[in-house]
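In what follows, a structure is listed as structure tokens, so that the remarks can point back to it.
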Amino acid sequence: MPRAERRLRVREEALSLLREQGHMLPQSALADVVNAVSDAVVGMGPIEFLLKDPDVTEVMVNGPDDVYVERKGRIERVVGRLFEGEEAVLHVIERIVAPLGLRVDATSPWVDARLPDGSRVHAIVPPLSLCGPVLNVRKFSSIPIGPAELLANGTLGFRMLGFLAACVRGRLNVVISGGTSSGKTTLLGVLSSFVPQEERLITIEDAAELRLAQPHVIGLEARPASVEGRGEVTVRDLVRNSLRMRPDRIVVGEVRGGEALDMLQAMNTGHDGS
């Protein structure tokens, strides 16, 4: 059953149960109770309302009473205690990762995953986390950003954008670096828009975020090990595999390990413009 349909069914059942038990609540309070039940059963519990906020780009749960959000580029602490305790945080984490065939516990204390809507999730629990279970959810933006947006918000000037576009069209190899949440993936997506339409692109990501407009794009995504510890496919594995797929260019979303060597070798062996 689709998530939206499950949410509707839960809301209907909760409302029916409240009426059967004779609870006389104001309409606003009734809606709050029904929404809370729906979020707890189908959604992400106490942080569901934060994820629905269009201005929030990331939710950071450092513990049951220590929650932050990134809103319009600024980190803000959420007032009040959202979770009853560490077990409630763990319950939300398990609800996120279980449908993906993953687990988080003392023997497998961290996980990186992508939700069906494209949002990225990272969770880490004791004994690695000293402050209890920690959860980060980075929301997937449904609004594409192009060159015009970067010019409008002052990220790039016309001359710099023109220079970078010429580098891409001239098949120069480009590496983008920067701090956390500095817009690296956004810039990569914008630069990729200058790749000619007739070229075959292979994108490789740890968690898929890129949305390229070209017609000939093959997207590859790394896979963590299963709960049995088998089946892991790393970014490095995918970089090596992509060389057999006749790419004109290889676009690697993030380089954090040995895949850097494979990427550099690909750049120097006929895959210019990667």
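Going through the structure tokens in order, the chains are called A, B, and so on, while each chain numbers its residues from 1 and the ligands are numbered from 1 in the order shown.
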
Listing only residues of region 217-242 of chain A within 12 Å of region 101-121 of chain A, what is the closest atom pair and its distance in Å (to one decimal) for each, using only C-alpha atoms, sorted by chain and residue number ascending, as CSV?
```
residue,atom,partner,partner_atom,distance
A:Glu221,CA,A:Arg114,CA,10.1
A:Ala222,CA,A:Ala113,CA,9.9
A:Arg223,CA,A:Ala113,CA,8.7
A:Pro224,CA,A:Asp112,CA,7.7
A:Ala225,CA,A:Leu102,CA,8.2
A:Ser226,CA,A:Leu102,CA,6.1
A:Val227,CA,A:Leu102,CA,5.7
A:Glu228,CA,A:Leu102,CA,9.4
A:Gly229,CA,A:Ser108,CA,9.0
A:Arg230,CA,A:Leu102,CA,11.4
A:Gly231,CA,A:Gly101,CA,11.6
A:Glu232,CA,A:Leu102,CA,11.8
```

Item to check | Residue set, region 16-248 of chain A restricted to strand (DSSP E or B), as a ChimeraX atom specification | outcome: /A:56-63,66-71,74-77,110-114,120-124,134-138,201-205,217-221,223,233

Selected residues, N, CA and C atoms, written as a tab-separated table (two decimals), in the first residue's frame, please.
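Output file out-v5.tsv is given in full below:
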```
chain	number	residue	atom	x	y	z
A	56	VAL	N	13.16	24.03	5.58
A	56	VAL	CA	14.14	23.18	6.25
A	56	VAL	C	14.81	22.28	5.23
A	57	THR	N	16.15	22.29	5.20
A	57	THR	CA	16.89	21.44	4.27
A	57	THR	C	17.53	20.24	4.95
A	58	GLU	N	17.72	20.31	6.27
A	58	GLU	CA	18.32	19.18	6.99
A	58	GLU	C	17.83	19.17	8.43
A	59	VAL	N	17.59	17.96	8.93
A	59	VAL	CA	17.20	17.75	10.32
A	59	VAL	C	18.30	16.95	11.00
A	60	MET	N	18.77	17.45	12.15
A	60	MET	CA	19.86	16.80	12.88
A	60	MET	C	19.40	16.47	14.29
A	61	VAL	N	19.29	15.18	14.59
A	61	VAL	CA	18.86	14.72	15.91
A	61	VAL	C	20.09	14.24	16.66
A	62	ASN	N	20.51	15.00	17.68
A	62	ASN	CA	21.68	14.64	18.48
A	62	ASN	C	21.30	13.87	19.74
A	63	GLY	N	20.03	13.70	19.96
A	63	GLY	CA	19.52	13.03	21.15
A	63	GLY	C	18.06	13.37	21.32
A	66	ASP	N	17.73	17.19	21.91
A	66	ASP	CA	18.75	18.02	21.28
A	66	ASP	C	18.63	17.88	19.76
A	67	VAL	N	17.73	18.67	19.18
A	67	VAL	CA	17.41	18.59	17.75
A	67	VAL	C	17.67	19.94	17.10
A	68	TYR	N	18.32	19.89	15.93
A	68	TYR	CA	18.62	21.10	15.17
A	68	TYR	C	18.10	20.94	13.74
A	69	VAL	N	17.89	22.07	13.09
A	69	VAL	CA	17.54	22.06	11.67
A	69	VAL	C	18.40	23.09	10.95
A	70	GLU	N	18.59	22.85	9.67
A	70	GLU	CA	19.18	23.87	8.81
A	70	GLU	C	18.05	24.50	8.02
A	71	ARG	N	17.85	25.79	8.23
A	71	ARG	CA	16.77	26.51	7.57
A	71	ARG	C	17.35	27.70	6.84
A	74	ARG	N	20.97	28.44	7.63
A	74	ARG	CA	21.34	28.72	9.02
A	74	ARG	C	20.89	27.55	9.91
A	75	ILE	N	21.75	27.17	10.85
A	75	ILE	CA	21.42	26.09	11.77
A	75	ILE	C	20.71	26.65	13.00
A	76	GLU	N	19.55	26.07	13.32
A	76	GLU	CA	18.75	26.54	14.44
A	76	GLU	C	18.41	25.36	15.34
A	77	ARG	N	18.37	25.62	16.65
A	77	ARG	CA	17.97	24.58	17.59
A	77	ARG	C	16.45	24.58	17.73
A	110	TRP	N	26.31	2.07	12.29
A	110	TRP	CA	26.03	3.24	11.46
A	110	TRP	C	25.45	2.80	10.13
A	111	VAL	N	24.77	3.73	9.47
A	111	VAL	CA	24.17	3.42	8.17
A	111	VAL	C	24.02	4.71	7.37
A	112	ASP	N	24.26	4.60	6.08
A	112	ASP	CA	23.97	5.66	5.11
A	112	ASP	C	22.91	5.11	4.17
A	113	ALA	N	21.88	5.89	3.89
A	113	ALA	CA	20.81	5.38	3.05
A	113	ALA	C	20.13	6.53	2.31
A	114	ARG	N	19.33	6.17	1.34
A	114	ARG	CA	18.54	7.14	0.58
A	114	ARG	C	17.08	6.73	0.67
A	120	ARG	N	18.63	12.00	1.91
A	120	ARG	CA	19.74	11.20	2.40
A	120	ARG	C	19.66	11.07	3.92
A	121	VAL	N	19.95	9.88	4.40
A	121	VAL	CA	19.87	9.59	5.83
A	121	VAL	C	21.20	9.03	6.31
A	122	HIS	N	21.67	9.55	7.45
A	122	HIS	CA	22.83	8.97	8.13
A	122	HIS	C	22.46	8.80	9.59
A	123	ALA	N	22.70	7.61	10.11
A	123	ALA	CA	22.42	7.34	11.52
A	123	ALA	C	23.61	6.62	12.13
A	124	ILE	N	23.91	6.95	13.37
A	124	ILE	CA	25.00	6.30	14.10
A	124	ILE	C	24.57	6.15	15.56
A	134	VAL	N	22.14	9.07	16.99
A	134	VAL	CA	22.20	10.33	16.26
A	134	VAL	C	21.66	10.10	14.84
A	135	LEU	N	20.84	11.02	14.38
A	135	LEU	CA	20.19	10.88	13.08
A	135	LEU	C	20.29	12.19	12.30
A	136	ASN	N	20.69	12.08	11.04
A	136	ASN	CA	20.69	13.22	10.13
A	136	ASN	C	19.84	12.88	8.91
A	137	VAL	N	18.92	13.76	8.55
A	137	VAL	CA	18.12	13.58	7.34
A	137	VAL	C	18.31	14.83	6.49
A	138	ARG	N	18.93	14.66	5.33
A	138	ARG	CA	19.11	15.77	4.41
A	138	ARG	C	18.07	15.66	3.31
A	201	LEU	N	26.78	9.78	-20.63
A	201	LEU	CA	27.30	10.08	-19.30
A	201	LEU	C	27.01	8.93	-18.35
A	202	ILE	N	27.99	8.59	-17.52
A	202	ILE	CA	27.80	7.64	-16.43
A	202	ILE	C	27.96	8.43	-15.13
A	203	THR	N	26.92	8.48	-14.31
A	203	THR	CA	27.03	9.13	-13.01
A	203	THR	C	27.18	8.06	-11.93
A	204	ILE	N	28.07	8.33	-10.98
A	204	ILE	CA	28.35	7.39	-9.89
A	204	ILE	C	28.24	8.14	-8.59
A	205	GLU	N	27.37	7.68	-7.69
A	205	GLU	CA	27.15	8.38	-6.43
A	205	GLU	C	27.01	7.39	-5.28
A	217	VAL	N	21.96	9.24	-20.10
A	217	VAL	CA	22.59	9.22	-18.78
A	217	VAL	C	22.33	7.87	-18.12
A	218	ILE	N	23.37	7.24	-17.63
A	218	ILE	CA	23.26	6.00	-16.86
A	218	ILE	C	23.67	6.32	-15.43
A	219	GLY	N	22.76	6.17	-14.50
A	219	GLY	CA	23.04	6.46	-13.10
A	219	GLY	C	23.37	5.19	-12.33
A	220	LEU	N	24.49	5.22	-11.61
A	220	LEU	CA	24.89	4.10	-10.76
A	220	LEU	C	24.97	4.59	-9.32
A	221	GLU	N	24.54	3.73	-8.39
A	221	GLU	CA	24.54	4.10	-6.97
A	221	GLU	C	25.16	2.98	-6.14
A	223	ARG	N	26.03	0.56	-2.95
A	223	ARG	CA	25.11	-0.18	-2.09
A	223	ARG	C	25.85	-0.65	-0.85
A	233	VAL	N	28.60	-2.83	-2.53
A	233	VAL	CA	29.16	-2.33	-3.78
A	233	VAL	C	29.61	-0.90	-3.53
```

Checklist entry - DSSP on the backbone: what in region 83-258 of chain A comes out helix (DSSP H, G or I), as a count of residues only? => result 50

Checklist entry - What separation in Å, quoted to one decimal, exists between CA of Pro54 (chain A) and CA of Gly73 (chain A)? => result 12.7 Å

Find the spatial neighbours of Gly270 (chain A), counting only C-alpha atoms, within a cut-off of 12 Å - ignore same-chain residues fewer than 5 positions away - and output them as a short mmCIF file (atom, residue, chain, number, x, y, z; two decimals) with N, CA and C atoms, in the first residue's frame.
```
data_model
loop_
_atom_site.label_atom_id
_atom_site.label_comp_id
_atom_site.auth_asym_id
_atom_site.auth_seq_id
_atom_site.Cartn_x
_atom_site.Cartn_y
_atom_site.Cartn_z
N ARG A 171 36.06 19.78 -22.69
CA ARG A 171 36.42 18.46 -22.17
C ARG A 171 37.62 18.52 -21.23
N LEU A 172 37.71 19.57 -20.44
CA LEU A 172 38.71 19.61 -19.38
C LEU A 172 38.16 18.85 -18.17
N ASN A 173 39.05 18.19 -17.45
CA ASN A 173 38.63 17.49 -16.25
C ASN A 173 38.44 18.50 -15.12
N LEU A 243 34.04 1.88 -16.61
CA LEU A 243 35.00 1.95 -17.72
C LEU A 243 34.64 0.95 -18.82
N ARG A 246 31.42 2.10 -21.96
CA ARG A 246 31.62 3.04 -23.08
C ARG A 246 31.13 4.46 -22.74
N PRO A 247 31.61 5.02 -21.64
CA PRO A 247 31.19 6.39 -21.30
C PRO A 247 31.99 7.42 -22.11
N ASP A 248 31.32 8.50 -22.47
CA ASP A 248 32.05 9.66 -22.96
C ASP A 248 32.62 10.45 -21.79
N ARG A 249 31.87 10.49 -20.71
CA ARG A 249 32.31 11.16 -19.49
C ARG A 249 31.80 10.38 -18.28
N ILE A 250 32.58 10.44 -17.21
CA ILE A 250 32.20 9.82 -15.95
C ILE A 250 32.05 10.93 -14.91
N MET A 263 39.38 7.25 -10.46
CA MET A 263 38.84 8.39 -11.18
C MET A 263 39.93 9.11 -11.95
N LEU A 264 41.07 9.33 -11.31
CA LEU A 264 42.18 10.01 -11.98
C LEU A 264 42.70 9.19 -13.15
N GLN A 265 42.74 7.87 -12.98
CA GLN A 265 43.18 7.02 -14.09
C GLN A 265 42.21 7.10 -15.26
#
```

Shell around region 160-170 of chain A at 12 Å using only C-alpha atoms, local window under 3 positions removed, as a short mmCIF file (atom, residue, chain, number, x, y, z; two decimals) with N, CA and C atoms, in the first residue's frame:
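What landed in result14.cif:
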```cif
data_model
loop_
_atom_site.label_atom_id
_atom_site.label_comp_id
_atom_site.auth_asym_id
_atom_site.auth_seq_id
_atom_site.Cartn_x
_atom_site.Cartn_y
_atom_site.Cartn_z
N GLY A 146 19.55 25.71 -11.76
CA GLY A 146 20.32 25.81 -12.98
C GLY A 146 21.24 27.01 -12.96
N PRO A 147 21.91 27.28 -14.07
CA PRO A 147 22.82 28.43 -14.15
C PRO A 147 22.16 29.75 -13.79
N ALA A 148 20.91 29.92 -14.19
CA ALA A 148 20.22 31.19 -13.93
C ALA A 148 20.09 31.44 -12.43
N GLU A 149 19.81 30.38 -11.66
CA GLU A 149 19.67 30.54 -10.21
C GLU A 149 20.99 30.91 -9.56
N LEU A 150 22.09 30.30 -10.03
CA LEU A 150 23.40 30.63 -9.46
C LEU A 150 23.79 32.08 -9.77
N LEU A 151 23.41 32.56 -10.94
CA LEU A 151 23.67 33.97 -11.27
C LEU A 151 22.80 34.89 -10.42
N ALA A 152 21.54 34.50 -10.24
CA ALA A 152 20.61 35.35 -9.52
C ALA A 152 20.98 35.50 -8.05
N GLY A 154 23.98 35.24 -6.82
CA GLY A 154 25.34 35.75 -6.66
C GLY A 154 26.41 34.70 -6.40
N THR A 155 26.06 33.42 -6.55
CA THR A 155 27.05 32.37 -6.35
C THR A 155 28.15 32.46 -7.40
N LEU A 156 27.76 32.75 -8.63
CA LEU A 156 28.71 32.90 -9.74
C LEU A 156 28.39 34.17 -10.51
N GLY A 157 29.43 34.77 -11.08
CA GLY A 157 29.24 35.89 -12.00
C GLY A 157 29.21 35.38 -13.43
N ASN A 173 39.05 18.19 -17.45
CA ASN A 173 38.63 17.49 -16.25
C ASN A 173 38.44 18.50 -15.12
N VAL A 174 37.37 18.35 -14.37
CA VAL A 174 37.02 19.31 -13.33
C VAL A 174 36.82 18.57 -12.00
N VAL A 175 37.44 19.09 -10.94
CA VAL A 175 37.24 18.57 -9.59
C VAL A 175 36.67 19.71 -8.74
N ILE A 176 35.58 19.47 -8.07
CA ILE A 176 34.92 20.46 -7.22
C ILE A 176 35.18 20.10 -5.76
N LEU A 187 26.60 22.61 -7.72
CA LEU A 187 27.46 23.13 -8.77
C LEU A 187 27.79 22.04 -9.78
N LEU A 188 28.02 20.83 -9.32
CA LEU A 188 28.29 19.73 -10.23
C LEU A 188 27.13 19.50 -11.19
N GLY A 189 25.91 19.57 -10.65
CA GLY A 189 24.74 19.40 -11.50
C GLY A 189 24.62 20.51 -12.53
N VAL A 190 24.93 21.74 -12.12
CA VAL A 190 24.85 22.87 -13.04
C VAL A 190 25.90 22.74 -14.15
N LEU A 191 27.13 22.39 -13.78
CA LEU A 191 28.18 22.25 -14.78
C LEU A 191 27.87 21.10 -15.75
N SER A 192 27.25 20.05 -15.23
CA SER A 192 26.90 18.92 -16.09
C SER A 192 25.89 19.31 -17.15
N SER A 193 25.15 20.37 -16.91
CA SER A 193 24.15 20.80 -17.89
C SER A 193 24.80 21.33 -19.16
N PHE A 194 26.11 21.63 -19.11
CA PHE A 194 26.80 22.13 -20.30
C PHE A 194 27.39 21.01 -21.15
N VAL A 195 27.24 19.76 -20.71
CA VAL A 195 27.72 18.63 -21.51
C VAL A 195 26.81 18.49 -22.74
N PRO A 196 27.38 18.33 -23.93
CA PRO A 196 26.56 18.18 -25.14
C PRO A 196 25.55 17.04 -25.03
N GLN A 197 24.38 17.25 -25.62
CA GLN A 197 23.28 16.30 -25.49
C GLN A 197 23.59 14.93 -26.07
N GLU A 199 26.29 13.16 -25.90
CA GLU A 199 27.29 12.36 -25.20
C GLU A 199 26.65 11.41 -24.19
N ARG A 249 31.87 10.49 -20.71
CA ARG A 249 32.31 11.16 -19.49
C ARG A 249 31.80 10.38 -18.28
N VAL A 251 30.90 11.00 -14.29
CA VAL A 251 30.64 12.02 -13.28
C VAL A 251 30.53 11.32 -11.92
N ASP A 272 38.30 12.26 -20.99
CA ASP A 272 38.45 13.68 -20.70
C ASP A 272 37.07 14.31 -20.49
N GLY A 273 37.05 15.33 -19.66
CA GLY A 273 35.79 16.01 -19.39
C GLY A 273 35.01 15.40 -18.25
N SER A 274 35.66 14.53 -17.49
CA SER A 274 34.99 13.88 -16.36
C SER A 274 35.12 14.74 -15.11
#
```

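When CA of Thr269 (chain A) is paired with CA of Ala208 (chain A), their separation reads 25.6 Å.
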
Item to check | Ala88 (chain A) surroundings by only C-alpha atoms, 12 Å radius, close-in-sequence under 3 positions cut, as a VMD selection string | outcome: chain A and resid 40 44 to 47 61 63 to 65 81 to 85 91 to 95 132 to 135

So that I have them on file, write out the residues from the current selection with N, CA and C atoms, as a PDB file, in the first residue's frame.
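Final output, saved to out_10.pdb:
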```pdb
ATOM      1  N   ALA A  40       3.369   9.134  13.843  1.00  0.00           N
ATOM      2  CA  ALA A  40       4.015   8.087  14.631  1.00  0.00           C
ATOM      3  C   ALA A  40       3.933   6.733  13.946  1.00  0.00           C
ATOM      4  N   MET A  44       7.736   9.873  10.267  1.00  0.00           N
ATOM      5  CA  MET A  44       8.961   9.838  11.055  1.00  0.00           C
ATOM      6  C   MET A  44       8.755  10.420  12.446  1.00  0.00           C
ATOM      7  N   GLY A  45       7.582  10.206  12.959  1.00  0.00           N
ATOM      8  CA  GLY A  45       7.308  10.573  14.336  1.00  0.00           C
ATOM      9  C   GLY A  45       7.483  12.051  14.617  1.00  0.00           C
ATOM     10  N   PRO A  46       8.201  12.394  15.689  1.00  0.00           N
ATOM     11  CA  PRO A  46       8.299  13.781  16.148  1.00  0.00           C
ATOM     12  C   PRO A  46       8.993  14.736  15.169  1.00  0.00           C
ATOM     13  N   ILE A  47       9.738  14.205  14.203  1.00  0.00           N
ATOM     14  CA  ILE A  47      10.423  15.115  13.273  1.00  0.00           C
ATOM     15  C   ILE A  47       9.698  15.243  11.943  1.00  0.00           C
ATOM     16  N   VAL A  61      19.289  15.182  14.587  1.00  0.00           N
ATOM     17  CA  VAL A  61      18.860  14.721  15.909  1.00  0.00           C
ATOM     18  C   VAL A  61      20.093  14.242  16.661  1.00  0.00           C
ATOM     19  N   GLY A  63      20.028  13.703  19.961  1.00  0.00           N
ATOM     20  CA  GLY A  63      19.524  13.026  21.145  1.00  0.00           C
ATOM     21  C   GLY A  63      18.059  13.371  21.318  1.00  0.00           C
ATOM     22  N   PRO A  64      17.392  12.798  22.281  1.00  0.00           N
ATOM     23  CA  PRO A  64      15.947  13.025  22.434  1.00  0.00           C
ATOM     24  C   PRO A  64      15.559  14.473  22.691  1.00  0.00           C
ATOM     25  N   ASP A  65      16.430  15.238  23.331  1.00  0.00           N
ATOM     26  CA  ASP A  65      16.088  16.635  23.623  1.00  0.00           C
ATOM     27  C   ASP A  65      17.096  17.600  23.005  1.00  0.00           C
ATOM     28  N   ARG A  81      11.358  19.419  23.876  1.00  0.00           N
ATOM     29  CA  ARG A  81      11.780  18.020  23.817  1.00  0.00           C
ATOM     30  C   ARG A  81      10.857  17.279  22.851  1.00  0.00           C
ATOM     31  N   LEU A  82      11.399  16.794  21.747  1.00  0.00           N
ATOM     32  CA  LEU A  82      10.590  16.140  20.728  1.00  0.00           C
ATOM     33  C   LEU A  82      10.426  14.643  20.986  1.00  0.00           C
ATOM     34  N   PHE A  83      11.438  14.009  21.554  1.00  0.00           N
ATOM     35  CA  PHE A  83      11.402  12.564  21.775  1.00  0.00           C
ATOM     36  C   PHE A  83      11.291  12.263  23.269  1.00  0.00           C
ATOM     37  N   GLU A  84      10.600  11.188  23.594  1.00  0.00           N
ATOM     38  CA  GLU A  84      10.453  10.802  24.992  1.00  0.00           C
ATOM     39  C   GLU A  84      11.744  10.253  25.576  1.00  0.00           C
ATOM     40  N   GLY A  85      12.589   9.687  24.736  1.00  0.00           N
ATOM     41  CA  GLY A  85      13.851   9.130  25.197  1.00  0.00           C
ATOM     42  C   GLY A  85      14.632   8.548  24.036  1.00  0.00           C
ATOM     43  N   HIS A  91      13.651   4.070  17.527  1.00  0.00           N
ATOM     44  CA  HIS A  91      12.465   3.579  16.837  1.00  0.00           C
ATOM     45  C   HIS A  91      12.314   4.273  15.482  1.00  0.00           C
ATOM     46  N   VAL A  92      12.540   5.577  15.436  1.00  0.00           N
ATOM     47  CA  VAL A  92      12.447   6.309  14.175  1.00  0.00           C
ATOM     48  C   VAL A  92      13.539   5.844  13.212  1.00  0.00           C
ATOM     49  N   ILE A  93      14.758   5.667  13.728  1.00  0.00           N
ATOM     50  CA  ILE A  93      15.859   5.199  12.871  1.00  0.00           C
ATOM     51  C   ILE A  93      15.533   3.834  12.278  1.00  0.00           C
ATOM     52  N   GLU A  94      15.045   2.923  13.105  1.00  0.00           N
ATOM     53  CA  GLU A  94      14.716   1.581  12.626  1.00  0.00           C
ATOM     54  C   GLU A  94      13.598   1.616  11.596  1.00  0.00           C
ATOM     55  N   ARG A  95      12.640   2.516  11.786  1.00  0.00           N
ATOM     56  CA  ARG A  95      11.555   2.624  10.820  1.00  0.00           C
ATOM     57  C   ARG A  95      12.068   3.108   9.461  1.00  0.00           C
ATOM     58  N   GLY A 132      24.316   8.907  22.567  1.00  0.00           N
ATOM     59  CA  GLY A 132      23.099   8.189  22.209  1.00  0.00           C
ATOM     60  C   GLY A 132      22.915   8.138  20.701  1.00  0.00           C
ATOM     61  N   PRO A 133      21.771   7.661  20.228  1.00  0.00           N
ATOM     62  CA  PRO A 133      21.534   7.565  18.782  1.00  0.00           C
ATOM     63  C   PRO A 133      21.477   8.947  18.131  1.00  0.00           C
ATOM     64  N   VAL A 134      22.136   9.066  16.986  1.00  0.00           N
ATOM     65  CA  VAL A 134      22.205  10.329  16.256  1.00  0.00           C
ATOM     66  C   VAL A 134      21.665  10.101  14.844  1.00  0.00           C
ATOM     67  N   LEU A 135      20.837  11.024  14.382  1.00  0.00           N
ATOM     68  CA  LEU A 135      20.190  10.884  13.080  1.00  0.00           C
ATOM     69  C   LEU A 135      20.286  12.189  12.299  1.00  0.00           C
TER      70      LEU A 135
END
```

Spatial neighbours of Thr185 (chain A), 10 Å, only C-alpha atoms, chain gap at least 6 places, as a PDB file with N, CA and C atoms, in the first residue's frame:
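New file part.pdb:
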```pdb
ATOM      1  N   ILE A 176      35.579  19.466  -8.073  1.00  0.00           N
ATOM      2  CA  ILE A 176      34.923  20.463  -7.223  1.00  0.00           C
ATOM      3  C   ILE A 176      35.179  20.098  -5.761  1.00  0.00           C
ATOM      4  N   SER A 177      35.671  21.034  -4.997  1.00  0.00           N
ATOM      5  CA  SER A 177      35.907  20.784  -3.573  1.00  0.00           C
ATOM      6  C   SER A 177      35.269  21.888  -2.745  1.00  0.00           C
ATOM      7  N   LEU A 191      27.125  22.394 -13.776  1.00  0.00           N
ATOM      8  CA  LEU A 191      28.183  22.247 -14.783  1.00  0.00           C
ATOM      9  C   LEU A 191      27.872  21.105 -15.747  1.00  0.00           C
ATOM     10  N   GLU A 209      21.853  11.854  -6.057  1.00  0.00           N
ATOM     11  CA  GLU A 209      21.305  13.202  -5.904  1.00  0.00           C
ATOM     12  C   GLU A 209      21.243  13.941  -7.231  1.00  0.00           C
ATOM     13  N   LEU A 210      22.144  13.624  -8.135  1.00  0.00           N
ATOM     14  CA  LEU A 210      22.224  14.356  -9.400  1.00  0.00           C
ATOM     15  C   LEU A 210      21.000  14.089 -10.267  1.00  0.00           C
ATOM     16  N   GLY A 253      29.942  11.631  -8.023  1.00  0.00           N
ATOM     17  CA  GLY A 253      29.306  12.597  -7.131  1.00  0.00           C
ATOM     18  C   GLY A 253      30.171  13.005  -5.952  1.00  0.00           C
ATOM     19  N   GLU A 254      30.917  12.055  -5.380  1.00  0.00           N
ATOM     20  CA  GLU A 254      31.738  12.367  -4.219  1.00  0.00           C
ATOM     21  C   GLU A 254      32.892  11.379  -4.143  1.00  0.00           C
TER      22      GLU A 254
END
```

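Relative to CA of Arg236 (chain A), CA of Val255 (chain A) is found at 9.0 Å.
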